[in-house]
Amino acid sequence: MKIQSIGLPNYNIKTATNKENKGLEIIHAEQFWKRNIFGSNVVIAVLDTGIDMKHEDLQNNIIGGRNFTSDYDNDPHNYQDGNGHGTHVAGIIAANNKKFNIGVAPRASILILKTLTNDGDGDINNLIEAIYYAILWRGPNGERVNIMTMSLGTKKDNPLLHDAIRYAVGHGLSIVAASGNDGNGESDREYRYPGAYNEVIEVGSIGATKLISKFSNKNEQLDIVAPGEDIYSTFLNNKYASFSGTSMAVPFVAGALALIIEEGRILFKRDLTEPEIYAQLIKSSSLLFGNPAIEGNGMLNLLKSFG
C-alpha cells in the first residue's frame, strides 16, 4: 500500500519580494507573538518529503532528521527535499524570516522525517516506522517530540497505521493530518487516513474569504479548518512558492499547537496533556457555518486562545 502526499498541485515558484503568508492574519498568530510566544522549546516532527536543509529561513529550526525512503541510496542521514512539498509545509510551521512573516511558530524546533520520496509518494510501512521513531526520538538535550504533522494520506484504512497513531497519542503526542483534496464541492463524504482516525486532529481547508475550499474533504471526523489556498512559504533552493491544498492547512494547526504548548507551560508550570492541548485548540476556533461535516469545530482563530 502506498501513501500519497496531498497538495502537490497548484503551486507557482515566486520570488520573495514583499510577500508574506496571509494566512497568519486569518488565524491571528500575532496574538501570541505580542506575548513573546513563538513556539520556543516545542518539537514538531514533520513527516513529508524532507526539507531544503540549507534554506536560510529554516536551517536554524532543524533539530534533527532521518530518511525513511529509498531516495539517496537509502541513506538515513540524507533527508534533503527534492520535491518542495515538505519544505513548504515546514515553512508554514516555523520559517523565520526577518523581512516578512511566514511561520506560525518561528522559534519551534522541527524534526524532519522524510517518509515521502522526491516523487511525492511513499510506502505505508515507512510511514509507520517513522511514527514509532518520532515517539522514541530524543534530542541533544533530552527533547521529545510534542507534535507530529502529516500532510499526506491514503484512501485505505490500515490497522497497523492506526495502531501506531494510537500508540503515539497514548504517549502524549498531538497528531495533525490533512483531510485530503478529493472534494468536489458537494456534500459527499471523502476519507484519507490517518486524518480520518478519531485520535488524529483532521484539518480541512478554507480560502481567503473563509469559505470551505472546494477540494477539501468533508467527513464527520473533521476537527478544524485553516487557510489552505495560495499559501506563500519556503521552497527549494532558498526560494519561495505558493501552494494550495489541505496540506497547507495542516501546518497552520501544527504551528498553533506549538504556541499553545509554550503558553500552557508558562501559565501552568507544566506540560499540558494531549487532551488538554486538544481542548485548548478547539477553544481556539470560530464556527463559520455550523456544519461539523465541512468545518469540524470551525476555523482556527487564535484570538480565542487562553481567554
# chains A, B, ... in the order shown; residues from 1 in each chain; ligands from 1
$ residues_around --residues "Tyr132 of chain A" --least-positions-apart "4" --cutoff "9 Å" --atoms "only C-alpha atoms" --output "list in words"
Leu127, Ile128, Leu136, Trp137, Ala164, Ile165, Tyr167 and Ala168 of chain A
$ residues_around --residues "Tyr232 of chain A" --least-positions-apart "4" --cutoff "6 Å" --atoms "only C-alpha atoms" --output "PyMOL selection string"
chain A and resi 21+241-242
$ closest_residue --among "A:Asn67, A:Lys304, A:Val42, A:Ala293" --to "Gln280 of chain A" --atoms "only C-alpha atoms"
A:Lys304
$ atom_distance --atom1 "atom CA of Leu58 of chain A" --atom2 "atom CA of Ile110 of chain A"
8.9 Å
$ residues_around --residues "Gly183 of chain A" --least-positions-apart "4" --cutoff "10 Å" --atoms "only C-alpha atoms" --output "list in words"
Ser179, Ser187, Asp188, Arg189, Glu190, Tyr191, Ser213, Lys214, Phe215, Ser216, Asn217 and Lys218 of chain A
$ select_by_dssp --residues "segment 169-289 of chain A" --states "alpha helix (DSSP H)" --output "ChimeraX atom specification"
/A:169-170,246-268,274-283
$ write_last_selection --atoms "N, CA, C and O atoms" --output "short mmCIF file (atom, residue, chain, number, x, y, z; two decimals), in the first residue's frame"
data_model
loop_
_atom_site.label_atom_id
_atom_site.label_comp_id
_atom_site.auth_asym_id
_atom_site.auth_seq_id
_atom_site.Cartn_x
_atom_site.Cartn_y
_atom_site.Cartn_z
N VAL A 169 -0.40 8.88 20.36
CA VAL A 169 -1.29 9.71 21.17
C VAL A 169 -1.24 9.27 22.63
O VAL A 169 -1.25 10.09 23.56
N GLY A 170 -1.15 7.97 22.84
CA GLY A 170 -1.04 7.45 24.19
C GLY A 170 0.23 7.90 24.89
O GLY A 170 0.29 7.91 26.13
N THR A 246 -5.11 20.93 1.35
CA THR A 246 -5.25 20.71 2.78
C THR A 246 -3.89 20.49 3.43
O THR A 246 -3.74 20.67 4.64
N SER A 247 -2.89 20.12 2.63
CA SER A 247 -1.52 20.04 3.12
C SER A 247 -1.06 21.34 3.74
O SER A 247 -0.28 21.35 4.70
N MET A 248 -1.50 22.45 3.18
CA MET A 248 -1.08 23.76 3.65
C MET A 248 -1.84 24.17 4.91
O MET A 248 -1.33 24.92 5.75
N ALA A 249 -3.06 23.67 5.07
CA ALA A 249 -3.85 23.98 6.26
C ALA A 249 -3.28 23.29 7.50
O ALA A 249 -3.30 23.85 8.60
N VAL A 250 -2.78 22.08 7.32
CA VAL A 250 -2.26 21.29 8.44
C VAL A 250 -1.16 22.02 9.22
O VAL A 250 -1.22 22.10 10.46
N PRO A 251 -0.12 22.55 8.56
CA PRO A 251 0.94 23.20 9.34
C PRO A 251 0.51 24.46 10.08
O PRO A 251 1.15 24.83 11.07
N PHE A 252 -0.56 25.13 9.64
CA PHE A 252 -1.09 26.23 10.44
C PHE A 252 -1.53 25.71 11.81
O PHE A 252 -1.27 26.34 12.85
N VAL A 253 -2.18 24.56 11.82
CA VAL A 253 -2.65 23.99 13.07
C VAL A 253 -1.47 23.47 13.90
O VAL A 253 -1.42 23.66 15.13
N ALA A 254 -0.50 22.84 13.25
CA ALA A 254 0.67 22.35 13.97
C ALA A 254 1.42 23.51 14.62
O ALA A 254 1.85 23.42 15.79
N GLY A 255 1.59 24.60 13.90
CA GLY A 255 2.24 25.77 14.47
C GLY A 255 1.46 26.36 15.62
O GLY A 255 2.03 26.78 16.63
N ALA A 256 0.13 26.41 15.46
CA ALA A 256 -0.72 26.92 16.53
C ALA A 256 -0.60 26.06 17.79
O ALA A 256 -0.57 26.59 18.91
N LEU A 257 -0.51 24.75 17.62
CA LEU A 257 -0.33 23.87 18.78
C LEU A 257 0.98 24.18 19.50
O LEU A 257 1.03 24.13 20.74
N ALA A 258 2.03 24.50 18.75
CA ALA A 258 3.31 24.85 19.37
C ALA A 258 3.16 26.09 20.24
O ALA A 258 3.71 26.16 21.35
N LEU A 259 2.42 27.08 19.75
CA LEU A 259 2.18 28.29 20.53
C LEU A 259 1.38 27.97 21.80
O LEU A 259 1.67 28.48 22.89
N ILE A 260 0.37 27.14 21.64
CA ILE A 260 -0.48 26.76 22.77
C ILE A 260 0.33 26.00 23.82
O ILE A 260 0.19 26.24 25.03
N ILE A 261 1.20 25.09 23.36
CA ILE A 261 2.02 24.32 24.30
C ILE A 261 2.95 25.24 25.08
O ILE A 261 3.10 25.11 26.31
N GLU A 262 3.59 26.18 24.38
CA GLU A 262 4.51 27.08 25.08
C GLU A 262 3.76 27.92 26.11
O GLU A 262 4.22 28.07 27.24
N GLU A 263 2.64 28.50 25.73
CA GLU A 263 1.91 29.33 26.69
C GLU A 263 1.36 28.50 27.84
O GLU A 263 1.32 28.96 28.99
N GLY A 264 0.95 27.27 27.56
CA GLY A 264 0.49 26.39 28.62
C GLY A 264 1.56 26.15 29.67
O GLY A 264 1.29 26.13 30.88
N ARG A 265 2.80 25.98 29.22
CA ARG A 265 3.91 25.79 30.16
C ARG A 265 4.11 27.02 31.04
O ARG A 265 4.40 26.90 32.23
N ILE A 266 3.95 28.19 30.43
CA ILE A 266 4.12 29.43 31.19
C ILE A 266 3.01 29.61 32.22
O ILE A 266 3.26 29.95 33.38
N LEU A 267 1.78 29.34 31.81
CA LEU A 267 0.64 29.57 32.69
C LEU A 267 0.51 28.54 33.80
O LEU A 267 0.17 28.87 34.94
N PHE A 268 0.79 27.27 33.47
CA PHE A 268 0.51 26.18 34.41
C PHE A 268 1.76 25.54 34.99
O PHE A 268 1.66 24.62 35.81
N GLU A 274 -2.18 15.73 26.29
CA GLU A 274 -2.71 15.77 24.92
C GLU A 274 -4.18 16.17 24.90
O GLU A 274 -4.58 17.02 24.09
N PRO A 275 -5.03 15.63 25.79
CA PRO A 275 -6.42 16.09 25.80
C PRO A 275 -6.55 17.57 26.15
O PRO A 275 -7.43 18.26 25.61
N GLU A 276 -5.71 18.07 27.05
CA GLU A 276 -5.76 19.49 27.39
C GLU A 276 -5.35 20.37 26.22
O GLU A 276 -5.94 21.43 25.97
N ILE A 277 -4.34 19.93 25.49
CA ILE A 277 -3.90 20.68 24.31
C ILE A 277 -5.01 20.70 23.26
O ILE A 277 -5.30 21.75 22.66
N TYR A 278 -5.64 19.55 23.06
CA TYR A 278 -6.73 19.48 22.09
C TYR A 278 -7.89 20.39 22.49
O TYR A 278 -8.44 21.11 21.66
N ALA A 279 -8.21 20.38 23.77
CA ALA A 279 -9.31 21.23 24.25
C ALA A 279 -9.00 22.71 24.02
O ALA A 279 -9.88 23.49 23.63
N GLN A 280 -7.76 23.10 24.23
CA GLN A 280 -7.38 24.49 24.02
C GLN A 280 -7.41 24.84 22.53
O GLN A 280 -7.78 25.95 22.15
N LEU A 281 -7.04 23.88 21.68
CA LEU A 281 -7.11 24.11 20.24
C LEU A 281 -8.55 24.33 19.80
O LEU A 281 -8.85 25.27 19.03
N ILE A 282 -9.45 23.48 20.27
CA ILE A 282 -10.85 23.61 19.88
C ILE A 282 -11.44 24.90 20.42
O ILE A 282 -12.29 25.55 19.77
N LYS A 283 -10.99 25.31 21.60
CA LYS A 283 -11.41 26.61 22.12
C LYS A 283 -10.95 27.72 21.17
O LYS A 283 -11.62 28.76 21.04
#
$ select_by_dssp --residues "segment 14-204 of chain A" --states "strand (DSSP E or B)" --output "MDAnalysis selection string"
chainID A and resid 14 43:48 51 62:67 80 109:114 121:123 147:150 152:154 174:178 193 201:204
$ closest_residue --among "A:Lys54, A:Val176, A:Val203, A:His88" --to "Ile147 of chain A" --atoms "only C-alpha atoms"
A:Val176
$ closest_residue --among "A:Gly120, A:Thr273, A:Leu152, A:Ser285" --to "His171 of chain A" --atoms "only C-alpha atoms"
A:Thr273
